[in-house]
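A.B. asks: Here you go, coords-v4.cif (mmCIF, C-alpha atoms):
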```cif
data_coords
#
loop_
_atom_site.label_atom_id
_atom_site.label_comp_id
_atom_site.auth_asym_id
_atom_site.auth_seq_id
_atom_site.Cartn_x
_atom_site.Cartn_y
_atom_site.Cartn_z
CA MET A 160 -15.09 19.06 -30.31
CA ILE A 161 -11.79 20.89 -30.23
CA PRO A 162 -11.08 22.91 -27.06
CA THR A 163 -11.23 26.68 -27.80
CA GLU A 164 -7.56 27.36 -27.17
CA GLU A 165 -6.50 24.50 -29.42
CA LEU A 166 -8.96 25.61 -32.08
CA GLU A 167 -7.55 29.13 -32.09
CA ARG A 168 -4.01 27.82 -32.39
CA LEU A 169 -4.95 25.64 -35.35
CA GLU A 170 -6.92 28.40 -37.06
CA ASP A 171 -3.96 30.71 -36.63
CA LEU A 172 -1.62 28.15 -38.23
CA VAL A 173 -4.06 27.64 -41.12
CA ASP A 174 -4.77 31.33 -41.70
CA ARG A 175 -1.12 32.41 -41.63
CA ALA A 176 -0.09 29.92 -44.30
CA SER A 177 0.47 31.38 -47.77
CA VAL A 178 0.98 27.91 -49.15
CA VAL A 179 -0.66 24.57 -48.39
CA TYR A 180 0.53 21.12 -49.39
CA LEU A 181 -2.02 18.93 -51.12
CA ALA A 182 -1.34 15.20 -51.02
CA THR A 183 -3.15 12.95 -53.48
CA ILE A 184 -2.70 9.53 -55.07
CA ASP A 185 -1.55 9.25 -58.67
CA ASP A 186 -2.60 6.90 -61.47
CA ASP A 187 -0.08 4.28 -60.40
CA GLY A 188 -1.16 4.35 -56.75
CA PHE A 189 1.79 6.42 -55.57
CA PRO A 190 1.31 9.36 -53.23
CA CYS A 191 2.00 12.88 -54.53
CA CYS A 192 2.47 16.21 -52.87
CA LYS A 193 2.22 19.69 -54.32
CA ALA A 194 2.35 23.22 -52.96
CA MET A 195 -0.81 25.17 -53.72
CA LEU A 196 -1.85 28.70 -52.89
CA ALA A 197 -3.53 28.66 -49.47
CA PRO A 198 -7.30 28.12 -49.41
CA ARG A 199 -9.38 31.07 -50.48
CA LEU A 200 -12.14 30.23 -48.11
CA ARG A 201 -12.84 27.76 -45.34
CA GLU A 202 -15.80 26.66 -43.27
CA GLY A 203 -14.45 25.99 -39.80
CA LEU A 204 -11.70 23.42 -40.02
CA VAL A 205 -13.77 21.02 -42.04
CA ARG A 206 -14.19 22.47 -45.51
CA PHE A 207 -11.53 24.25 -47.53
CA TYR A 208 -11.73 25.78 -51.02
CA LEU A 209 -8.74 25.92 -53.36
CA THR A 210 -8.49 27.06 -56.96
CA THR A 211 -6.69 25.27 -59.75
CA ASN A 212 -6.57 24.51 -63.46
CA THR A 213 -9.30 22.16 -64.65
CA SER A 214 -6.90 20.76 -67.26
CA SER A 215 -4.23 19.81 -64.72
CA ARG A 216 -3.07 16.26 -64.11
CA ARG A 217 -3.98 16.66 -60.43
CA VAL A 218 -7.61 17.33 -61.25
CA ALA A 219 -7.78 14.28 -63.53
CA GLN A 220 -6.35 12.16 -60.70
CA LEU A 221 -8.74 13.60 -58.11
CA ARG A 222 -11.74 12.73 -60.24
CA VAL A 223 -10.67 9.08 -60.04
CA ARG A 224 -9.24 9.06 -56.51
CA PRO A 225 -10.70 11.83 -54.36
CA GLN A 226 -8.74 10.82 -51.26
CA ALA A 227 -6.51 13.68 -50.21
CA ALA A 228 -4.75 15.46 -47.39
CA LEU A 229 -4.15 19.15 -46.76
CA TYR A 230 -1.06 19.93 -44.77
CA PHE A 231 -0.36 23.34 -43.26
CA CYS A 232 3.13 23.83 -41.92
CA ASP A 233 5.00 26.47 -39.99
CA GLU A 234 8.52 25.43 -40.95
CA GLU A 235 10.20 27.86 -38.58
CA ARG A 236 8.38 26.68 -35.50
CA PHE A 237 8.22 23.02 -36.53
CA ARG A 238 4.47 22.96 -36.29
CA GLY A 239 1.97 21.50 -38.66
CA VAL A 240 -1.54 20.23 -39.02
CA GLN A 241 -2.79 17.69 -41.50
CA PHE A 242 -6.40 17.26 -42.52
CA THR A 243 -7.35 13.98 -44.18
CA GLY A 244 -10.45 13.73 -46.32
CA SER A 245 -11.61 13.99 -49.88
CA VAL A 246 -11.82 16.51 -52.70
CA GLU A 247 -14.69 17.35 -55.03
CA VAL A 248 -13.82 19.10 -58.27
CA CYS A 249 -16.39 21.93 -58.56
CA GLU A 250 -17.13 23.46 -61.93
CA GLU A 251 -20.57 24.91 -61.29
CA ALA A 252 -20.89 28.71 -61.52
CA ARG A 253 -22.07 29.22 -57.94
CA THR A 254 -18.96 27.74 -56.34
CA LYS A 255 -16.62 29.32 -58.88
CA GLU A 256 -18.14 32.74 -58.19
CA LEU A 257 -17.94 32.22 -54.43
CA VAL A 258 -14.20 31.73 -54.59
CA TRP A 259 -13.24 34.06 -57.47
CA ARG A 260 -11.19 37.15 -56.62
CA GLU A 261 -10.38 40.29 -58.50
CA GLY A 262 -7.14 39.79 -60.38
CA ASP A 263 -7.72 36.09 -61.00
CA ASP A 264 -8.11 36.78 -64.70
CA GLU A 265 -4.34 37.08 -64.80
CA TYR A 266 -4.35 33.28 -64.49
CA TYR A 267 -7.74 32.60 -66.09
CA PRO A 268 -8.16 34.99 -69.00
CA GLY A 269 -11.74 33.84 -69.56
CA GLY A 270 -12.77 35.21 -66.17
CA VAL A 271 -14.90 33.37 -63.64
CA ALA A 272 -16.53 31.29 -66.39
CA ASP A 273 -13.16 30.21 -67.85
CA PRO A 274 -13.49 26.42 -68.29
CA ASP A 275 -9.88 26.00 -67.14
CA TYR A 276 -10.71 27.56 -63.76
CA CYS A 277 -12.18 25.21 -61.18
CA VAL A 278 -12.48 24.91 -57.42
CA LEU A 279 -11.31 22.04 -55.27
CA ARG A 280 -13.62 21.60 -52.29
CA PHE A 281 -11.83 19.61 -49.64
CA THR A 282 -13.81 18.07 -46.77
CA ALA A 283 -11.86 16.84 -43.76
CA ARG A 284 -12.88 13.77 -41.85
CA ARG A 285 -9.98 13.72 -39.44
CA ALA A 286 -6.94 15.75 -38.45
CA ARG A 287 -3.60 15.36 -36.77
CA ARG A 288 -1.36 18.12 -35.52
CA TYR A 289 2.35 18.16 -34.95
CA ALA A 290 4.11 20.33 -32.38
CA ASP A 291 6.87 19.93 -29.80
CA TYR A 292 8.18 16.83 -31.59
CA ARG A 293 4.99 14.84 -31.26
CA SER A 294 1.80 14.22 -33.21
CA VAL A 295 -1.69 14.17 -31.72
CA ASP A 296 -5.01 13.24 -33.33
CA ILE A 297 -7.65 15.97 -33.29
CA ASP A 298 -11.31 15.20 -32.97
CA LEU A 299 -13.05 17.32 -35.60
CA MET V 241 19.72 11.56 -68.76
CA ILE V 242 19.09 15.05 -67.43
CA PRO V 243 20.84 17.89 -69.32
CA THR V 244 23.63 19.39 -67.19
CA GLU V 245 22.04 22.80 -66.75
CA GLU V 246 18.75 21.26 -65.66
CA LEU V 247 20.57 18.89 -63.32
CA GLU V 248 22.38 21.77 -61.65
CA ARG V 249 19.16 23.68 -61.19
CA LEU V 250 17.48 20.68 -59.58
CA GLU V 251 20.45 19.91 -57.36
CA ASP V 252 20.48 23.51 -56.23
CA LEU V 253 16.78 23.35 -55.34
CA VAL V 254 17.30 20.09 -53.45
CA ASP V 255 20.44 21.19 -51.60
CA ARG V 256 19.03 24.56 -50.52
CA ALA V 257 15.96 23.03 -48.89
CA SER V 258 16.03 22.83 -45.11
CA VAL V 259 12.80 20.89 -45.15
CA VAL V 260 11.41 18.23 -47.48
CA TYR V 261 7.84 16.98 -47.70
CA LEU V 262 7.40 13.24 -47.54
CA ALA V 263 4.15 11.90 -48.98
CA THR V 264 3.05 8.40 -48.04
CA ILE V 265 -0.15 6.36 -47.87
CA ASP V 266 -1.79 5.65 -44.52
CA ASP V 267 -3.48 2.53 -43.16
CA ASP V 268 -6.82 3.55 -44.67
CA GLY V 269 -5.38 4.21 -48.13
CA PHE V 270 -5.37 8.00 -47.77
CA PRO V 271 -2.37 10.06 -48.80
CA CYS V 272 -0.38 11.87 -46.10
CA CYS V 273 2.21 14.58 -46.17
CA LYS V 274 4.73 15.59 -43.54
CA ALA V 275 7.61 18.02 -43.33
CA MET V 276 10.89 16.31 -42.50
CA LEU V 277 14.39 17.64 -42.03
CA ALA V 278 16.06 17.70 -45.45
CA PRO V 279 18.00 14.57 -46.48
CA ARG V 280 21.32 14.06 -44.76
CA LEU V 281 22.85 12.47 -47.78
CA ARG V 282 21.95 11.77 -51.38
CA GLU V 283 23.34 9.79 -54.28
CA GLY V 284 22.69 11.85 -57.38
CA LEU V 285 18.99 12.56 -57.63
CA VAL V 286 18.04 8.93 -57.19
CA ARG V 287 18.71 7.98 -53.60
CA PHE V 288 18.03 10.13 -50.54
CA TYR V 289 18.62 9.37 -46.86
CA LEU V 290 16.42 10.80 -44.11
CA THR V 291 16.42 10.14 -40.38
CA THR V 292 13.38 9.50 -38.22
CA ASN V 293 12.00 7.71 -35.17
CA THR V 294 11.65 3.97 -35.58
CA SER V 295 8.57 4.06 -33.33
CA SER V 296 6.70 6.62 -35.47
CA ARG V 297 3.42 5.92 -37.19
CA ARG V 298 5.01 6.89 -40.50
CA VAL V 299 7.59 4.14 -40.22
CA ALA V 300 4.91 1.54 -39.42
CA GLN V 301 2.99 2.66 -42.51
CA LEU V 302 6.06 2.62 -44.75
CA ARG V 303 6.85 -0.97 -43.77
CA VAL V 304 3.44 -1.94 -45.19
CA ARG V 305 3.23 0.54 -48.07
CA PRO V 306 6.69 1.69 -49.20
CA GLN V 307 5.32 3.91 -52.00
CA ALA V 308 6.35 7.50 -51.35
CA ALA V 309 7.18 10.87 -52.82
CA LEU V 310 9.75 13.44 -51.80
CA TYR V 311 8.84 16.99 -52.64
CA PHE V 312 11.31 19.87 -52.50
CA CYS V 313 9.82 23.32 -52.80
CA ASP V 314 11.07 26.85 -53.13
CA GLU V 315 7.92 28.63 -51.97
CA GLU V 316 9.20 32.09 -52.80
CA ARG V 317 10.03 31.32 -56.40
CA PHE V 318 7.13 28.91 -56.95
CA ARG V 319 9.44 26.12 -57.94
CA GLY V 320 9.40 22.53 -56.89
CA VAL V 321 10.51 19.07 -57.77
CA GLN V 322 8.86 15.83 -56.80
CA PHE V 323 10.53 12.46 -56.78
CA THR V 324 8.29 9.40 -56.79
CA GLY V 325 9.57 6.07 -55.59
CA SER V 326 9.79 3.89 -52.53
CA VAL V 327 11.28 3.89 -49.06
CA GLU V 328 13.21 1.22 -47.21
CA VAL V 329 13.37 1.48 -43.42
CA CYS V 330 17.04 0.86 -42.56
CA GLU V 331 17.98 -0.27 -39.08
CA GLU V 332 21.34 -1.90 -39.75
CA ALA V 333 24.38 -0.31 -38.09
CA ARG V 334 26.22 0.48 -41.34
CA THR V 335 23.50 2.74 -42.74
CA LYS V 336 22.75 4.32 -39.38
CA GLU V 337 26.43 5.16 -38.95
CA LEU V 338 26.67 6.54 -42.48
CA VAL V 339 23.96 9.11 -41.79
CA TRP V 340 24.56 9.88 -38.11
CA ARG V 341 25.85 13.34 -37.23
CA GLU V 342 27.37 14.81 -34.11
CA GLY V 343 24.61 16.27 -31.99
CA ASP V 344 22.03 13.71 -33.01
CA ASP V 345 22.06 12.29 -29.51
CA GLU V 346 19.95 15.27 -28.54
CA TYR V 347 17.12 13.44 -30.33
CA TYR V 348 18.36 9.89 -29.85
CA PRO V 349 19.86 9.65 -26.38
CA GLY V 350 21.07 6.10 -27.03
CA GLY V 351 23.43 7.36 -29.72
CA VAL V 352 23.84 5.80 -33.15
CA ALA V 353 22.71 2.41 -31.84
CA ASP V 354 19.51 3.84 -30.28
CA PRO V 355 16.75 1.48 -31.45
CA ASP V 356 14.43 4.47 -31.95
CA TYR V 357 16.82 5.98 -34.53
CA CYS V 358 16.43 4.70 -38.07
CA VAL V 359 17.15 5.80 -41.62
CA LEU V 360 14.65 6.10 -44.45
CA ARG V 361 16.35 5.28 -47.75
CA PHE V 362 14.24 6.68 -50.57
CA THR V 363 14.86 5.53 -54.14
CA ALA V 364 13.33 7.60 -56.94
CA ARG V 365 12.01 5.98 -60.08
CA ARG V 366 10.65 9.14 -61.68
CA ALA V 367 10.53 12.88 -61.14
CA ARG V 368 8.51 15.90 -62.13
CA ARG V 369 9.48 19.51 -61.71
CA TYR V 370 7.35 22.58 -61.46
CA ALA V 371 8.45 26.06 -62.57
CA ASP V 372 6.97 28.98 -64.47
CA TYR V 373 3.44 27.70 -63.84
CA ARG V 374 3.93 24.38 -65.55
CA SER V 375 5.03 20.84 -64.70
CA VAL V 376 7.44 18.75 -66.73
CA ASP V 377 8.46 15.11 -66.34
CA ILE V 378 12.16 14.49 -65.82
CA ASP V 379 13.86 11.43 -67.12
CA LEU V 380 16.04 10.13 -64.30
#
```
Could you write out this structure as structure tokens?
C.D. replies:
Amino acid sequence: MIPTEELERLEDLVDRASVVYLATIDDDGFPCCKAMLAPRLREGLVRFYLTTNTSSRRVAQLRVRPQAALYFCDEERFRGVQFTGSVEVCEEARTKELVWREGDDEYYPGGVADPDYCVLRFTARRARRYADYRSVDIDL
Amino acid sequence: MIPTEELERLEDLVDRASVVYLATIDDDGFPCCKAMLAPRLREGLVRFYLTTNTSSRRVAQLRVRPQAALYFCDEERFRGVQFTGSVEVCEEARTKELVWREGDDEYYPGGVADPDYCVLRFTARRARRYADYRSVDIDL
């Protein structure tokens, strides 16, 4: 369990972020990193929901290698937290509807059922935060 | 070869960044991502020099798995470029002196010879840039 004060600090860091960095492994076994819009939804600090294009290279890679990390960073205060876990590519209506927001049809003209719109459901199994020049493991 | 205009745009993105994201693979085969101070020095868009603590977990991982990516991102303009390649951990005096800057002894009290100061030399073998909602491979 995370102590309450620590939990609040981490939630604040996560919820303030407009961008999150998703690390994955590519077809050749090399790590990759990409800025994504911050998660639409989260369940505690264990499950995070992101949206992306079903046709993207990242999604193809995640179907083969679901190992991933989500990294939230406050560049100005040199603080960050990284969650390590795995990603499921969700294409079923229920999850897509859960995460869909008004205005998303700007990116997905077919609306919530657009086959090129999918949800990445990230589940963390461990975490590590960085602050004051040192990193500490967090027991989720 | 990269067309001149494209090269200038990428160099601008790289040189403006105060922070770069380093993606690596951890002991369990999961990808990781961490914000680092932007490279001190670069040779074209192929070789980049970063500084870090020799004792860090990242360095221990890179000695085993040198595969890495460097990701530069302009969050406001939704632009980014990722270089994929490998990292050598450099501890020899010549490279450490090349990268050392005045004031670094704030972090490394032993000065340029401090055994906890080392240089990560990243060599890119390929690159991919992101702009205008799409990604394009770049021929280095």
A.B. asks: Got a sec to check which residues sit within 12 Å of (-18.2, 31.1, -55.2), counting only C-alpha atoms, and write them as a list in words?
C.D. replies: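 So the residues meeting the distance criterion are Arg199, Leu200, Arg201, Tyr208, Leu209, Thr210, Cys249, Glu250, Glu251, Ala252, Arg253, Thr254, Lys255, Glu256, Leu257, Val258, Trp259, Arg260, Val271, Ala272, Tyr276, Cys277, Val278, Leu279 and Arg280 of chain A.
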A.B. asks: With only C-alpha atoms counted and 6 Å as the cut-off, give the residues of chain A in contact with chain V, each with its shortest interatomic distance in Å and the pair that gives it, as a Markdown table.
C.D. replies:
```
| residue | atom | partner | partner_atom | distance |
| --- | --- | --- | --- | --- |
| A:Ala182 | CA | V:Pro271 | CA | 5.7 |
| A:Thr183 | CA | V:Pro271 | CA | 5.6 |
| A:Phe189 | CA | V:Gln307 | CA | 5.6 |
| A:Pro190 | CA | V:Thr264 | CA | 5.6 |
| A:Cys191 | CA | V:Ala309 | CA | 5.8 |
| A:Gln226 | CA | V:Phe270 | CA | 5.6 |
| A:Ala227 | CA | V:Pro271 | CA | 5.7 |
| A:Ala228 | CA | V:Cys272 | CA | 5.8 |
```
A.B. asks: At what distance in Å, to one decimal, does CA of Ala300 (chain V) lie from CA of Val329 (chain V)?
C.D. replies: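 About the pair CA of Val329 (chain V) and CA of Ala300 (chain V): they are 9.4 Å apart.
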A.B. asks: Restricting the calculation to only C-alpha atoms: of A:Ile161, A:Asp298, A:Asn212, A:Arg217, which residue gets closest to Pro268 (chain A)?
C.D. replies: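 For Pro268 (chain A), the nearest of the candidates is A:Asn212.
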A.B. asks: So how many Å separate CA of Phe362 (chain V) and CA of Val327 (chain V), to one decimal?
C.D. replies: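 Going from CA of Phe362 (chain V) over to CA of Val327 (chain V), I get 4.3 Å.
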A.B. asks: Provide region 171-214 of chain A of the preceding structure as a file containing N, CA and C atoms, as a PDB file, in the first residue's frame.
C.D. replies:
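Listing of part.pdb after writing:
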```pdb
ATOM      1  N   ASP A 171      -1.500  13.604  -8.089  1.00  0.00           N
ATOM      2  CA  ASP A 171      -1.402  14.977  -8.559  1.00  0.00           C
ATOM      3  C   ASP A 171      -0.489  15.060  -9.792  1.00  0.00           C
ATOM      4  N   LEU A 172       0.643  14.389  -9.714  1.00  0.00           N
ATOM      5  CA  LEU A 172       1.596  14.371 -10.844  1.00  0.00           C
ATOM      6  C   LEU A 172       0.934  13.757 -12.084  1.00  0.00           C
ATOM      7  N   VAL A 173       0.218  12.661 -11.881  1.00  0.00           N
ATOM      8  CA  VAL A 173      -0.444  11.964 -12.989  1.00  0.00           C
ATOM      9  C   VAL A 173      -1.559  12.829 -13.577  1.00  0.00           C
ATOM     10  N   ASP A 174      -2.371  13.433 -12.711  1.00  0.00           N
ATOM     11  CA  ASP A 174      -3.547  14.146 -13.196  1.00  0.00           C
ATOM     12  C   ASP A 174      -3.224  15.506 -13.818  1.00  0.00           C
ATOM     13  N   ARG A 175      -2.083  16.073 -13.464  1.00  0.00           N
ATOM     14  CA  ARG A 175      -1.684  17.351 -14.062  1.00  0.00           C
ATOM     15  C   ARG A 175      -1.103  17.177 -15.458  1.00  0.00           C
ATOM     16  N   ALA A 176      -0.619  15.994 -15.762  1.00  0.00           N
ATOM     17  CA  ALA A 176       0.101  15.783 -17.023  1.00  0.00           C
ATOM     18  C   ALA A 176      -0.857  15.905 -18.213  1.00  0.00           C
ATOM     19  N   SER A 177      -0.471  16.656 -19.218  1.00  0.00           N
ATOM     20  CA  SER A 177      -1.277  16.711 -20.440  1.00  0.00           C
ATOM     21  C   SER A 177      -0.762  15.679 -21.438  1.00  0.00           C
ATOM     22  N   VAL A 178       0.426  15.208 -21.167  1.00  0.00           N
ATOM     23  CA  VAL A 178       1.085  14.266 -22.062  1.00  0.00           C
ATOM     24  C   VAL A 178       1.685  13.148 -21.206  1.00  0.00           C
ATOM     25  N   VAL A 179       1.678  11.930 -21.735  1.00  0.00           N
ATOM     26  CA  VAL A 179       2.343  10.833 -21.040  1.00  0.00           C
ATOM     27  C   VAL A 179       3.258  10.158 -22.055  1.00  0.00           C
ATOM     28  N   TYR A 180       4.338   9.588 -21.584  1.00  0.00           N
ATOM     29  CA  TYR A 180       5.264   8.903 -22.483  1.00  0.00           C
ATOM     30  C   TYR A 180       5.036   7.400 -22.368  1.00  0.00           C
ATOM     31  N   LEU A 181       4.773   6.802 -23.501  1.00  0.00           N
ATOM     32  CA  LEU A 181       4.530   5.354 -23.551  1.00  0.00           C
ATOM     33  C   LEU A 181       5.772   4.681 -24.122  1.00  0.00           C
ATOM     34  N   ALA A 182       6.371   3.809 -23.335  1.00  0.00           N
ATOM     35  CA  ALA A 182       7.535   3.047 -23.805  1.00  0.00           C
ATOM     36  C   ALA A 182       7.083   1.640 -24.164  1.00  0.00           C
ATOM     37  N   THR A 183       7.548   1.174 -25.298  1.00  0.00           N
ATOM     38  CA  THR A 183       7.198  -0.165 -25.788  1.00  0.00           C
ATOM     39  C   THR A 183       8.459  -0.789 -26.396  1.00  0.00           C
ATOM     40  N   ILE A 184       8.306  -1.985 -26.930  1.00  0.00           N
ATOM     41  CA  ILE A 184       9.446  -2.646 -27.593  1.00  0.00           C
ATOM     42  C   ILE A 184       9.069  -2.901 -29.048  1.00  0.00           C
ATOM     43  N   ASP A 185       9.968  -2.536 -29.959  1.00  0.00           N
ATOM     44  CA  ASP A 185       9.618  -2.633 -31.379  1.00  0.00           C
ATOM     45  C   ASP A 185       9.918  -4.025 -31.952  1.00  0.00           C
ATOM     46  N   ASP A 186       9.662  -4.180 -33.236  1.00  0.00           N
ATOM     47  CA  ASP A 186       9.806  -5.489 -33.889  1.00  0.00           C
ATOM     48  C   ASP A 186      11.223  -6.060 -33.804  1.00  0.00           C
ATOM     49  N   ASP A 187      12.201  -5.156 -33.702  1.00  0.00           N
ATOM     50  CA  ASP A 187      13.590  -5.612 -33.658  1.00  0.00           C
ATOM     51  C   ASP A 187      14.101  -5.771 -32.232  1.00  0.00           C
ATOM     52  N   GLY A 188      13.204  -5.588 -31.249  1.00  0.00           N
ATOM     53  CA  GLY A 188      13.615  -5.731 -29.855  1.00  0.00           C
ATOM     54  C   GLY A 188      14.226  -4.475 -29.262  1.00  0.00           C
ATOM     55  N   PHE A 189      14.072  -3.347 -29.963  1.00  0.00           N
ATOM     56  CA  PHE A 189      14.580  -2.083 -29.429  1.00  0.00           C
ATOM     57  C   PHE A 189      13.470  -1.343 -28.679  1.00  0.00           C
ATOM     58  N   PRO A 190      13.833  -0.639 -27.614  1.00  0.00           N
ATOM     59  CA  PRO A 190      12.814   0.133 -26.912  1.00  0.00           C
ATOM     60  C   PRO A 190      12.403   1.360 -27.723  1.00  0.00           C
ATOM     61  N   CYS A 191      11.167   1.795 -27.533  1.00  0.00           N
ATOM     62  CA  CYS A 191      10.646   2.996 -28.193  1.00  0.00           C
ATOM     63  C   CYS A 191       9.966   3.850 -27.136  1.00  0.00           C
ATOM     64  N   CYS A 192       9.791   5.089 -27.471  1.00  0.00           N
ATOM     65  CA  CYS A 192       9.126   6.017 -26.568  1.00  0.00           C
ATOM     66  C   CYS A 192       8.310   6.975 -27.415  1.00  0.00           C
ATOM     67  N   LYS A 193       7.119   7.308 -26.957  1.00  0.00           N
ATOM     68  CA  LYS A 193       6.282   8.217 -27.743  1.00  0.00           C
ATOM     69  C   LYS A 193       5.388   9.019 -26.804  1.00  0.00           C
ATOM     70  N   ALA A 194       5.257  10.299 -27.086  1.00  0.00           N
ATOM     71  CA  ALA A 194       4.324  11.122 -26.314  1.00  0.00           C
ATOM     72  C   ALA A 194       2.906  10.796 -26.764  1.00  0.00           C
ATOM     73  N   MET A 195       2.021  10.641 -25.806  1.00  0.00           N
ATOM     74  CA  MET A 195       0.612  10.381 -26.095  1.00  0.00           C
ATOM     75  C   MET A 195      -0.207  11.387 -25.284  1.00  0.00           C
ATOM     76  N   LEU A 196      -1.426  11.638 -25.706  1.00  0.00           N
ATOM     77  CA  LEU A 196      -2.304  12.444 -24.862  1.00  0.00           C
ATOM     78  C   LEU A 196      -2.502  11.700 -23.541  1.00  0.00           C
ATOM     79  N   ALA A 197      -2.569  12.434 -22.452  1.00  0.00           N
ATOM     80  CA  ALA A 197      -2.671  11.819 -21.120  1.00  0.00           C
ATOM     81  C   ALA A 197      -3.884  10.897 -21.057  1.00  0.00           C
ATOM     82  N   PRO A 198      -3.857   9.917 -20.154  1.00  0.00           N
ATOM     83  CA  PRO A 198      -4.958   8.963 -20.068  1.00  0.00           C
ATOM     84  C   PRO A 198      -6.301   9.656 -19.858  1.00  0.00           C
ATOM     85  N   ARG A 199      -7.307   9.126 -20.499  1.00  0.00           N
ATOM     86  CA  ARG A 199      -8.655   9.629 -20.397  1.00  0.00           C
ATOM     87  C   ARG A 199      -9.291   9.274 -19.060  1.00  0.00           C
ATOM     88  N   LEU A 200      -8.825   8.166 -18.545  1.00  0.00           N
ATOM     89  CA  LEU A 200      -9.492   7.550 -17.413  1.00  0.00           C
ATOM     90  C   LEU A 200      -8.442   6.710 -16.707  1.00  0.00           C
ATOM     91  N   ARG A 201      -8.574   6.603 -15.383  1.00  0.00           N
ATOM     92  CA  ARG A 201      -7.691   5.673 -14.671  1.00  0.00           C
ATOM     93  C   ARG A 201      -8.456   5.041 -13.521  1.00  0.00           C
ATOM     94  N   GLU A 202      -8.019   3.878 -13.125  1.00  0.00           N
ATOM     95  CA  GLU A 202      -8.571   3.230 -11.932  1.00  0.00           C
ATOM     96  C   GLU A 202      -7.423   3.167 -10.945  1.00  0.00           C
ATOM     97  N   GLY A 203      -7.480   4.016  -9.942  1.00  0.00           N
ATOM     98  CA  GLY A 203      -6.374   4.134  -8.988  1.00  0.00           C
ATOM     99  C   GLY A 203      -5.102   4.451  -9.744  1.00  0.00           C
ATOM    100  N   LEU A 204      -4.018   3.834  -9.324  1.00  0.00           N
ATOM    101  CA  LEU A 204      -2.757   4.004 -10.063  1.00  0.00           C
ATOM    102  C   LEU A 204      -2.354   2.673 -10.680  1.00  0.00           C
ATOM    103  N   VAL A 205      -3.355   1.893 -11.042  1.00  0.00           N
ATOM    104  CA  VAL A 205      -3.077   0.561 -11.552  1.00  0.00           C
ATOM    105  C   VAL A 205      -3.515   0.396 -13.002  1.00  0.00           C
ATOM    106  N   ARG A 206      -4.648   1.025 -13.352  1.00  0.00           N
ATOM    107  CA  ARG A 206      -5.140   0.842 -14.712  1.00  0.00           C
ATOM    108  C   ARG A 206      -5.356   2.215 -15.364  1.00  0.00           C
ATOM    109  N   PHE A 207      -4.851   2.337 -16.575  1.00  0.00           N
ATOM    110  CA  PHE A 207      -4.919   3.610 -17.288  1.00  0.00           C
ATOM    111  C   PHE A 207      -5.446   3.349 -18.699  1.00  0.00           C
ATOM    112  N   TYR A 208      -6.283   4.250 -19.198  1.00  0.00           N
ATOM    113  CA  TYR A 208      -6.893   4.089 -20.520  1.00  0.00           C
ATOM    114  C   TYR A 208      -6.443   5.224 -21.443  1.00  0.00           C
ATOM    115  N   LEU A 209      -5.852   4.840 -22.570  1.00  0.00           N
ATOM    116  CA  LEU A 209      -5.406   5.805 -23.573  1.00  0.00           C
ATOM    117  C   LEU A 209      -6.126   5.510 -24.880  1.00  0.00           C
ATOM    118  N   THR A 210      -6.215   6.508 -25.736  1.00  0.00           N
ATOM    119  CA  THR A 210      -6.826   6.270 -27.052  1.00  0.00           C
ATOM    120  C   THR A 210      -5.750   6.361 -28.134  1.00  0.00           C
ATOM    121  N   THR A 211      -5.955   5.615 -29.192  1.00  0.00           N
ATOM    122  CA  THR A 211      -4.997   5.711 -30.303  1.00  0.00           C
ATOM    123  C   THR A 211      -5.606   5.148 -31.585  1.00  0.00           C
ATOM    124  N   ASN A 212      -4.797   5.175 -32.644  1.00  0.00           N
ATOM    125  CA  ASN A 212      -5.250   4.669 -33.938  1.00  0.00           C
ATOM    126  C   ASN A 212      -4.976   3.172 -34.042  1.00  0.00           C
ATOM    127  N   THR A 213      -6.007   2.417 -34.329  1.00  0.00           N
ATOM    128  CA  THR A 213      -5.876   0.964 -34.451  1.00  0.00           C
ATOM    129  C   THR A 213      -4.840   0.583 -35.513  1.00  0.00           C
ATOM    130  N   SER A 214      -4.738   1.419 -36.552  1.00  0.00           N
ATOM    131  CA  SER A 214      -3.841   1.111 -37.674  1.00  0.00           C
ATOM    132  C   SER A 214      -2.383   1.471 -37.403  1.00  0.00           C
TER     133      SER A 214
END
```
